[in-house]
>>> print(open('my_file_17.pdb').read())   # PDB, C-alpha atoms and all ligand atoms
ATOM      1  CA  MET G 130      45.141  96.147-141.120
ATOM      2  CA  MET G 131      42.299  94.220-139.718
ATOM      3  CA  PHE G 132      40.640  92.752-136.659
ATOM      4  CA  LYS G 133      38.938  89.407-136.633
ATOM      5  CA  ILE G 134      37.259  88.126-133.498
ATOM      6  CA  ASN G 135      36.632  84.435-132.993
ATOM      7  CA  ASN G 136      34.305  83.166-130.267
ATOM      8  CA  LEU G 137      35.206  85.886-127.808
ATOM      9  CA  THR G 138      33.737  85.538-124.338
ATOM     10  CA  TYR G 139      34.569  88.013-121.594
ATOM     11  CA  LYS G 140      33.599  87.722-117.942
ATOM     12  CA  TYR G 141      34.281  90.414-115.350
ATOM     13  CA  GLU G 142      32.890  88.087-112.705
ATOM     14  CA  LYS G 143      32.827  84.317-112.623
ATOM     15  CA  ASN G 144      29.239  83.559-113.454
ATOM     16  CA  THR G 145      28.194  86.398-115.748
ATOM     17  CA  SER G 146      29.439  87.065-119.262
ATOM     18  CA  ALA G 147      29.661  90.653-120.473
ATOM     19  CA  LEU G 148      30.359  89.207-123.950
ATOM     20  CA  THR G 149      29.392  85.726-125.116
ATOM     21  CA  ASN G 150      30.744  83.969-128.210
ATOM     22  CA  ILE G 151      31.321  87.081-130.267
ATOM     23  CA  ASN G 152      32.437  86.661-133.881
ATOM     24  CA  MET G 153      33.284  89.764-135.876
ATOM     25  CA  ASP G 154      35.160  90.555-139.035
ATOM     26  CA  PHE G 155      35.950  94.213-139.581
ATOM     27  CA  SER G 156      36.805  93.708-143.233
ATOM     28  CA  LYS G 157      33.054  93.742-143.873
ATOM     29  CA  GLY G 158      32.861  97.538-144.008
ATOM     30  CA  ASP G 159      34.820 100.792-143.912
ATOM     31  CA  VAL G 160      32.814 102.197-141.026
ATOM     32  CA  ILE G 161      31.674  99.415-138.705
ATOM     33  CA  GLY G 162      28.894 100.202-136.237
ATOM     34  CA  ILE G 163      28.328  98.474-132.900
ATOM     35  CA  ILE G 164      24.875  99.186-131.535
ATOM     36  CA  GLY G 165      23.231  98.002-128.330
ATOM     37  CA  SER G 166      21.518  99.341-125.244
ATOM     38  CA  ASN G 167      23.248 100.217-121.938
ATOM     39  CA  GLY G 168      25.248  97.275-120.633
ATOM     40  CA  SER G 169      25.133  95.293-123.894
ATOM     41  CA  GLY G 170      28.936  95.044-123.962
ATOM     42  CA  LYS G 171      30.151  97.722-126.376
ATOM     43  CA  SER G 172      32.814  99.248-124.136
ATOM     44  CA  THR G 173      33.935  95.803-122.999
ATOM     45  CA  LEU G 174      34.432  94.869-126.640
ATOM     46  CA  PHE G 175      36.539  97.972-127.316
ATOM     47  CA  MET G 176      38.708  97.309-124.269
ATOM     48  CA  ASN G 177      39.325  93.758-125.488
ATOM     49  CA  LEU G 178      40.316  95.094-128.910
ATOM     50  CA  MET G 179      42.820  97.507-127.332
ATOM     51  CA  GLY G 180      44.328  94.742-125.208
ATOM     52  CA  ILE G 181      43.229  96.512-122.011
ATOM     53  CA  LEU G 182      41.093  93.480-121.163
ATOM     54  CA  LYS G 183      42.046  89.907-122.056
ATOM     55  CA  PRO G 184      39.392  87.551-123.445
ATOM     56  CA  THR G 185      38.203  84.924-120.966
ATOM     57  CA  SER G 186      38.018  82.596-123.957
ATOM     58  CA  GLY G 187      38.232  82.889-127.720
ATOM     59  CA  GLU G 188      40.697  84.996-129.645
ATOM     60  CA  ILE G 189      41.253  88.348-131.285
ATOM     61  CA  LEU G 190      43.323  88.382-134.451
ATOM     62  CA  PHE G 191      45.019  91.530-135.687
ATOM     63  CA  ASN G 192      46.470  91.140-139.174
ATOM     64  CA  ASP G 193      46.036  87.374-138.782
ATOM     65  CA  ASN G 194      48.112  87.306-135.582
ATOM     66  CA  LYS G 195      46.664  86.568-132.186
ATOM     67  CA  LEU G 196      46.789  89.605-129.905
ATOM     68  CA  LYS G 197      49.690  89.497-127.440
ATOM     69  CA  TYR G 198      49.778  91.333-124.153
ATOM     70  CA  ASP G 199      53.448  92.041-123.474
ATOM     71  CA  LYS G 200      54.500  95.700-123.417
ATOM     72  CA  LYS G 201      56.110  95.713-126.859
ATOM     73  CA  SER G 202      53.170  94.016-128.613
ATOM     74  CA  LEU G 203      50.705  96.413-127.022
ATOM     75  CA  TYR G 204      52.904  99.392-127.950
ATOM     76  CA  ASN G 205      52.913  98.207-131.555
ATOM     77  CA  LEU G 206      49.166  97.548-131.550
ATOM     78  CA  ARG G 207      48.470 101.054-130.271
ATOM     79  CA  LYS G 208      50.550 102.621-133.021
ATOM     80  CA  ASP G 209      48.035 101.180-135.472
ATOM     81  CA  VAL G 210      44.884 101.298-133.390
ATOM     82  CA  GLY G 211      43.608 104.379-131.584
ATOM     83  CA  ILE G 212      40.644 104.691-129.280
ATOM     84  CA  VAL G 213      38.462 107.512-128.106
ATOM     85  CA  PHE G 214      36.956 106.368-124.821
ATOM     86  CA  GLN G 215      33.428 107.154-123.812
ATOM     87  CA  ASP G 216      34.694 109.165-120.865
ATOM     88  CA  PRO G 217      37.264 111.783-121.931
ATOM     89  CA  GLU G 218      38.626 111.962-118.381
ATOM     90  CA  LYS G 219      40.021 108.447-118.859
ATOM     91  CA  GLN G 220      42.041 109.568-121.798
ATOM     92  CA  ILE G 221      43.514 112.890-120.807
ATOM     93  CA  PHE G 222      46.802 112.641-118.941
ATOM     94  CA  TYR G 223      48.475 116.018-119.245
ATOM     95  CA  SER G 224      47.344 119.278-117.760
ATOM     96  CA  MET G 225      47.859 121.333-120.932
ATOM     97  CA  VAL G 226      45.889 120.627-124.113
ATOM     98  CA  TYR G 227      48.970 120.900-126.334
ATOM     99  CA  ASP G 228      51.011 118.437-124.272
ATOM    100  CA  ASP G 229      48.138 116.035-124.033
ATOM    101  CA  ILE G 230      47.807 115.735-127.801
ATOM    102  CA  ALA G 231      51.598 115.762-128.244
ATOM    103  CA  PHE G 232      52.141 113.009-125.662
ATOM    104  CA  ALA G 233      51.531 109.935-127.826
ATOM    105  CA  LEU G 234      53.525 111.466-130.702
ATOM    106  CA  ARG G 235      56.497 112.205-128.410
ATOM    107  CA  ASN G 236      56.206 108.646-127.188
ATOM    108  CA  ILE G 237      56.878 107.273-130.661
ATOM    109  CA  GLY G 238      59.744 109.700-131.281
ATOM    110  CA  VAL G 239      58.161 112.223-133.662
ATOM    111  CA  ASP G 240      60.207 115.457-133.904
ATOM    112  CA  GLU G 241      58.839 118.612-132.248
ATOM    113  CA  ASP G 242      58.223 120.553-135.508
ATOM    114  CA  THR G 243      56.095 117.736-136.884
ATOM    115  CA  ILE G 244      54.317 117.423-133.546
ATOM    116  CA  ASN G 245      53.557 121.123-133.597
ATOM    117  CA  ARG G 246      52.051 120.851-137.077
ATOM    118  CA  LYS G 247      50.032 117.761-136.235
ATOM    119  CA  VAL G 248      48.659 119.221-133.010
ATOM    120  CA  HIS G 249      47.523 122.331-134.901
ATOM    121  CA  GLU G 250      45.926 120.285-137.696
ATOM    122  CA  ALA G 251      44.157 117.979-135.272
ATOM    123  CA  LEU G 252      42.771 120.856-133.203
ATOM    124  CA  LEU G 253      41.567 122.604-136.340
ATOM    125  CA  ALA G 254      39.794 119.405-137.378
ATOM    126  CA  VAL G 255      37.810 119.286-134.124
ATOM    127  CA  ASN G 256      37.103 122.999-134.169
ATOM    128  CA  GLY G 257      39.220 123.409-131.023
ATOM    129  CA  ILE G 258      42.250 125.481-132.019
ATOM    130  CA  ASP G 259      41.310 128.078-129.380
ATOM    131  CA  PHE G 260      42.090 125.519-126.670
ATOM    132  CA  ILE G 261      45.691 124.943-127.730
ATOM    133  CA  LYS G 262      47.253 126.898-124.851
ATOM    134  CA  LYS G 263      44.585 126.084-122.279
ATOM    135  CA  PRO G 264      44.830 123.847-119.245
ATOM    136  CA  VAL G 265      42.597 120.819-119.777
ATOM    137  CA  HIS G 266      40.663 121.365-116.540
ATOM    138  CA  PHE G 267      39.375 124.692-117.914
ATOM    139  CA  LEU G 268      37.423 122.825-120.577
ATOM    140  CA  SER G 269      33.846 121.554-120.553
ATOM    141  CA  TYR G 270      32.983 117.865-121.021
ATOM    142  CA  GLY G 271      32.243 118.320-124.731
ATOM    143  CA  GLN G 272      35.440 120.287-125.258
ATOM    144  CA  LYS G 273      37.474 117.550-123.516
ATOM    145  CA  LYS G 274      35.814 115.009-125.774
ATOM    146  CA  ARG G 275      36.971 116.969-128.813
ATOM    147  CA  ILE G 276      40.521 117.054-127.412
ATOM    148  CA  ALA G 277      40.423 113.257-127.020
ATOM    149  CA  ILE G 278      39.359 112.942-130.654
ATOM    150  CA  ALA G 279      42.096 115.380-131.714
ATOM    151  CA  SER G 280      44.678 113.136-130.013
ATOM    152  CA  VAL G 281      43.588 110.199-132.138
ATOM    153  CA  ILE G 282      43.569 112.274-135.327
ATOM    154  CA  ALA G 283      47.107 113.477-134.612
ATOM    155  CA  MET G 284      48.328 109.897-134.228
ATOM    156  CA  GLU G 285      47.148 108.951-137.719
ATOM    157  CA  ASN G 286      46.276 105.427-136.608
ATOM    158  CA  LYS G 287      45.115 102.960-139.232
ATOM    159  CA  ILE G 288      42.100 101.895-137.207
ATOM    160  CA  VAL G 289      40.161 104.200-134.932
ATOM    161  CA  LEU G 290      37.725 102.941-132.303
ATOM    162  CA  LEU G 291      35.168 105.525-131.234
ATOM    163  CA  ASP G 292      33.116 104.693-128.133
ATOM    164  CA  GLU G 293      30.168 107.105-128.065
ATOM    165  CA  PRO G 294      32.060 109.944-129.754
ATOM    166  CA  THR G 295      29.093 112.327-129.835
ATOM    167  CA  ALA G 296      27.580 111.694-126.391
ATOM    168  CA  GLY G 297      27.262 115.022-124.620
ATOM    169  CA  LEU G 298      28.164 117.068-127.688
ATOM    170  CA  ASP G 299      26.046 119.917-129.026
ATOM    171  CA  PRO G 300      24.666 119.768-132.610
ATOM    172  CA  ILE G 301      27.533 121.761-134.164
ATOM    173  CA  SER G 302      30.191 119.588-132.520
ATOM    174  CA  THR G 303      28.243 116.464-133.510
ATOM    175  CA  ARG G 304      28.227 117.569-137.162
ATOM    176  CA  ALA G 305      31.957 118.266-136.837
ATOM    177  CA  ILE G 306      32.472 114.666-135.651
ATOM    178  CA  VAL G 307      30.537 113.351-138.658
ATOM    179  CA  ASP G 308      32.830 115.366-140.956
ATOM    180  CA  ILE G 309      35.888 114.067-139.103
ATOM    181  CA  ILE G 310      34.718 110.479-139.466
ATOM    182  CA  ASN G 311      34.101 110.973-143.183
ATOM    183  CA  ASN G 312      37.553 112.547-143.600
ATOM    184  CA  LEU G 313      39.220 109.642-141.785
ATOM    185  CA  LYS G 314      37.268 107.189-143.914
ATOM    186  CA  ASN G 315      38.339 108.971-147.110
ATOM    187  CA  LYS G 316      41.953 108.638-145.998
ATOM    188  CA  GLY G 317      41.429 104.879-145.837
ATOM    189  CA  ILE G 318      41.280 104.698-142.050
ATOM    190  CA  LYS G 319      38.980 102.033-140.684
ATOM    191  CA  ILE G 320      36.456 103.280-138.154
ATOM    192  CA  VAL G 321      34.690 101.168-135.553
ATOM    193  CA  ILE G 322      32.073 103.190-133.743
ATOM    194  CA  SER G 323      29.507 102.667-131.023
ATOM    195  CA  SER G 324      26.729 105.127-130.346
ATOM    196  CA  HIS G 325      23.187 105.336-129.015
ATOM    197  CA  ASP G 326      22.386 107.865-131.714
ATOM    198  CA  MET G 327      20.704 105.666-134.320
ATOM    199  CA  ASN G 328      20.366 108.531-136.815
ATOM    200  CA  LEU G 329      24.104 109.086-136.669
ATOM    201  CA  MET G 330      24.834 105.358-137.010
ATOM    202  CA  TYR G 331      22.440 104.994-139.938
ATOM    203  CA  GLU G 332      24.138 107.906-141.681
ATOM    204  CA  ILE G 333      27.784 106.961-141.251
ATOM    205  CA  CYS G 334      28.093 103.158-140.897
ATOM    206  CA  ASP G 335      28.127 100.692-143.731
ATOM    207  CA  TYR G 336      28.099  97.500-141.660
ATOM    208  CA  ILE G 337      26.352  97.028-138.320
ATOM    209  CA  TYR G 338      26.580  94.568-135.434
ATOM    210  CA  VAL G 339      23.650  94.558-133.003
ATOM    211  CA  LEU G 340      24.673  93.584-129.466
ATOM    212  CA  ASN G 341      22.076  92.472-126.966
ATOM    213  CA  LYS G 342      23.113  91.363-123.478
ATOM    214  CA  GLY G 343      26.601  90.539-124.675
ATOM    215  CA  LYS G 344      25.550  88.511-127.702
ATOM    216  CA  ILE G 345      25.413  89.388-131.375
ATOM    217  CA  MET G 346      21.736  89.531-132.174
ATOM    218  CA  ASP G 347      22.078  90.564-135.791
ATOM    219  CA  GLU G 348      24.632  91.849-138.273
ATOM    220  CA  GLY G 349      24.634  93.069-141.829
ATOM    221  CA  LEU G 350      24.668  96.044-144.152
ATOM    222  CA  THR G 351      23.261  99.102-142.395
ATOM    223  CA  GLU G 352      20.044  99.385-144.398
ATOM    224  CA  ASN G 353      19.307  95.673-144.007
ATOM    225  CA  VAL G 354      19.801  95.719-140.230
ATOM    226  CA  PHE G 355      17.772  98.861-139.548
ATOM    227  CA  VAL G 356      14.667  97.801-141.491
ATOM    228  CA  LYS G 357      14.152  94.892-139.080
ATOM    229  CA  GLU G 358      12.052  96.900-136.658
ATOM    230  CA  GLU G 359      11.296  94.042-134.260
ATOM    231  CA  ASN G 360      14.974  93.242-133.800
ATOM    232  CA  ILE G 361      15.918  96.851-133.215
ATOM    233  CA  ILE G 362      13.164  97.313-130.628
ATOM    234  CA  LYS G 363      14.081  94.018-128.951
ATOM    235  CA  ALA G 364      17.658  95.251-128.622
ATOM    236  CA  GLY G 365      16.321  98.288-126.732
ATOM    237  CA  LEU G 366      17.021 100.655-129.630
ATOM    238  CA  GLU G 367      14.918 102.738-131.988
ATOM    239  CA  LEU G 368      14.672 103.123-135.726
ATOM    240  CA  PRO G 369      16.482 106.008-137.422
ATOM    241  CA  TRP G 370      13.988 108.683-138.545
ATOM    242  CA  LEU G 371      14.630 107.990-142.239
ATOM    243  CA  VAL G 372      13.678 104.350-141.696
ATOM    244  CA  LYS G 373      10.522 105.409-139.790
ATOM    245  CA  ILE G 374       9.488 107.600-142.722
ATOM    246  CA  HIS G 375      10.096 104.706-145.069
ATOM    247  CA  LYS G 376       7.943 102.388-142.952
ATOM    248  CA  ASN G 377       5.153 104.755-141.948
ATOM    249  CA  MET G 378       4.798 106.846-145.086
ATOM    250  CA  LYS G 379       5.592 104.098-147.574
ATOM    251  CA  LEU G 380       8.360 106.197-149.104
ATOM    252  CA  PRO G 381      11.509 104.579-150.522
ATOM    253  CA  LEU G 382      14.323 103.955-148.052
ATOM    254  CA  PHE G 383      16.701 106.917-148.175
ATOM    255  CA  ARG G 384      20.221 106.769-146.771
ATOM    256  CA  CYS G 385      20.478 110.516-146.180
ATOM    257  CA  GLU G 386      18.259 113.542-145.667
ATOM    258  CA  GLU G 387      19.258 115.140-148.986
ATOM    259  CA  ASN G 388      17.993 112.162-150.974
ATOM    260  CA  LEU G 389      14.617 112.454-149.294
ATOM    261  CA  TYR G 390      14.345 116.151-150.239
ATOM    262  CA  GLU G 391      15.377 115.447-153.831
ATOM    263  CA  TYR G 392      12.706 112.781-154.048
ATOM    264  CA  CYS G 393      10.086 115.080-152.563
ATOM    265  CA  GLU G 394      10.963 117.890-154.959
ATOM    266  CA  LYS G 395      10.763 115.584-157.960
ATOM    267  CA  ASN G 396       7.442 114.231-156.789
ATOM    268  CA  VAL G 397       6.110 117.674-155.888
ATOM    269  CA  LEU G 398       5.662 116.756-152.244
ATOM    270  CA  ILE G 399       7.247 120.081-151.381
ATOM    271  CA  THR G 400       5.490 123.209-152.661
ATOM    272  CA  ASN G 401       7.379 126.434-153.178
ATOM    273  CA  ASN G 402       5.581 128.720-150.823
TER     274      ASN G 402
HETATM  275  N1  LIG M 501      34.394  96.731-114.210
HETATM  276  C1  LIG M 501      33.322  95.938-114.283
HETATM  277  N2  LIG M 501      33.107  94.970-113.376
HETATM  278  C2  LIG M 501      32.029  94.150-113.438
HETATM  279  N3  LIG M 501      31.092  94.226-114.414
HETATM  280  C3  LIG M 501      31.254  95.172-115.356
HETATM  281  C4  LIG M 501      32.361  96.090-115.337
HETATM  282  N4  LIG M 501      32.246  96.916-116.395
HETATM  283  C5  LIG M 501      31.132  96.534-117.056
HETATM  284  N5  LIG M 501      30.533  95.489-116.441
HETATM  285  C6  LIG M 501      29.306  94.798-116.865
HETATM  286  O1  LIG M 501      29.511  94.289-118.191
HETATM  287  C7  LIG M 501      28.356  94.481-119.000
HETATM  288  C8  LIG M 501      28.731  95.249-120.260
HETATM  289  O2  LIG M 501      29.112  96.574-119.922
HETATM  290  P1  LIG M 501      29.669  97.613-120.996
HETATM  291  O3  LIG M 501      30.169  98.802-120.243
HETATM  292  O4  LIG M 501      30.597  96.930-121.904
HETATM  293  O5  LIG M 501      28.323  97.987-121.787
HETATM  294  P2  LIG M 501      28.071  99.135-122.871
HETATM  295  O6  LIG M 501      27.327  98.491-123.982
HETATM  296  O7  LIG M 501      29.317  99.849-123.187
HETATM  297  O8  LIG M 501      27.071 100.082-122.062
HETATM  298  P3  LIG M 501      26.760 101.666-122.195
HETATM  299  O9  LIG M 501      25.865 101.821-123.388
HETATM  300  O10 LIG M 501      26.024 101.959-120.923
HETATM  301  O11 LIG M 501      28.057 102.371-122.298
HETATM  302  C9  LIG M 501      27.331  95.172-118.120
HETATM  303  O12 LIG M 501      26.430  94.214-117.648
HETATM  304  C10 LIG M 501      28.135  95.756-116.985
HETATM  305  O13 LIG M 501      27.393  95.783-115.802
END
>>> encode(input="my_file_17.pdb", output="structure tokens", more="lines below")
Ligand SMILES: Nc1ncnc2c1ncn2[C@@H]1O[C@H](COP(=O)(O)OP(=O)(O)OP(=O)(O)O)[C@@H](O)[C@H]1O
Amino acid sequence: MMFKINNLTYKYEKNTSALTNINMDFSKGDVIGIIGSNGSGKSTLFMNLMGILKPTSGEILFNDNKLKYDKKSLYNLRKDVGIVFQDPEKQIFYSMVYDDIAFALRNIGVDEDTINRKVHEALLAVNGIDFIKKPVHFLSYGQKKRIAIASVIAMENKIVLLDEPTAGLDPISTRAIVDIINNLKNKGIKIVISSHDMNLMYEICDYIYVLNKGKIMDEGLTENVFVKEENIIKAGLELPWLVKIHKNMKLPLFRCEENLYEYCEKNVLITNN
């Protein structure tokens, strides 16, 4: 189950490209990160992958087949590929939380008992079981976002695209999203994620594409991409704090907070008082 993008260019208007000559291969990692400043083309890329937008030129291959845009092909694509849009309002169609999550499952003919179980499981996973009987418009932005993520979890897609999944979420909900992403990854689900939170991206992604004004400015394994400070700054982004510590304090490069503490304890940089 894989996307490959060859020379994708997308133009909303005649003379300006939102994406220019993009080449990507999502077999390069389990959790693929797309980073770039506002307007760099991340959402446009996701909409091309979902078949919502059609490339102006170039091609998108899914399982070695060129994406097709008739109803049946898109229906099949969306059984395998789920998306959580940046704006949860774009994603929520039904007035009741339960029906909203159940909708896509009903659409593919899942029986009501199974739907009931999946809706419960998905809401538990996003820490939102209390919302199950609520009308969607009673919920806050962050709560709606969690419902949108629950819908994708319930669908058990093979690839999940997450466009800014933690924007507007409080720290507890953000941690919950990290756990969800790790759970999906452990189930063998491929994640493609965009976020402005470089600490989050550094923690969860294993392969990164850097977008700048619609072009790929750099790509590579997460730790290799994030140590190139000049590139990251040029792309309008900032270094993750663990990379800053590595650069400014001449400490080794740690991939997670715990490793830093272990190192400090071993090297008696932390005293027990
Ligand atoms: N509907 C549209 N019509 C015309 N231009 C658009 C449209 N949507 C986006 N663009 C332009 O395409 C470019 C890429 O936008 P896109 O939304 O993909 O960026 P992004 O990286 O997702 O940004 P953000 O971080 O702000 O979400 C921008 O220059 C934007 O102005």
>>> residues_near_point(input="my_file_17.pdb", point="(21.3, 102.2, -140.3)", cutoff="6 Å", atoms="only C-alpha atoms", output="list in words")
Met330, Tyr331, Thr351, Glu352 and Phe355 of chain G
>>> resolve_selection(input="my_file_17.pdb", expression="the PyMOL selection byres (((chain G and resi 209) around 12) and not hetatm)", output="list of chain:residue names")
G:Met130, G:Met131, G:Phe132, G:Leu178, G:Met179, G:Phe191, G:Asn192, G:Ser202, G:Leu203, G:Tyr204, G:Asn205, G:Leu206, G:Arg207, G:Lys208, G:Val210, G:Gly211, G:Ile212, G:Ile237, G:Val281, G:Ile282, G:Met284, G:Glu285, G:Asn286, G:Lys287, G:Ile288, G:Val289, G:Leu290, G:Ile318, G:Lys319
>>> closest_residue(input="my_file_17.pdb", among="G:Ser156, G:Ser323, G:Asn194, G:Thr138", to="ligand LIG 501 (chain M)", atoms="only C-alpha atoms and all ligand atoms")
G:Ser323
>>> atom_distance(input="my_file_17.pdb", atom1="atom CA of Leu368 of chain G", atom2="atom CA of Phe155 of chain G")
23.4 Å
>>> atom_distance(input="my_file_17.pdb", atom1="atom CA of Ser172 of chain G", atom2="atom CA of Ala277 of chain G")
16.2 Å
>>> residues_near_ligand(input="my_file_17.pdb", ligand="ligand LIG 501 (chain M)", cutoff="7 Å", atoms="all atoms listed in the file", output="list in words")
Tyr141, Glu142, Ala147, Gly165, Ser166, Asn167, Gly168, Ser169, Gly170, Lys171, Ser172, Thr173, Leu174 and Gly343 of chain G
>>> residues_around(input="my_file_17.pdb", residues="Asn245 of chain G", least_positions_apart="3", cutoff="10 Å", atoms="only C-alpha atoms", output="JSON, numbers by chain")
{"G": [227, 230, 231, 240, 241, 242, 248, 249, 250]}
>>> closest_residue(input="my_file_17.pdb", among="G:Ser269, G:Ile322, G:Glu332, G:Glu218", to="Glu387 of chain G", atoms="only C-alpha atoms")
G:Glu332
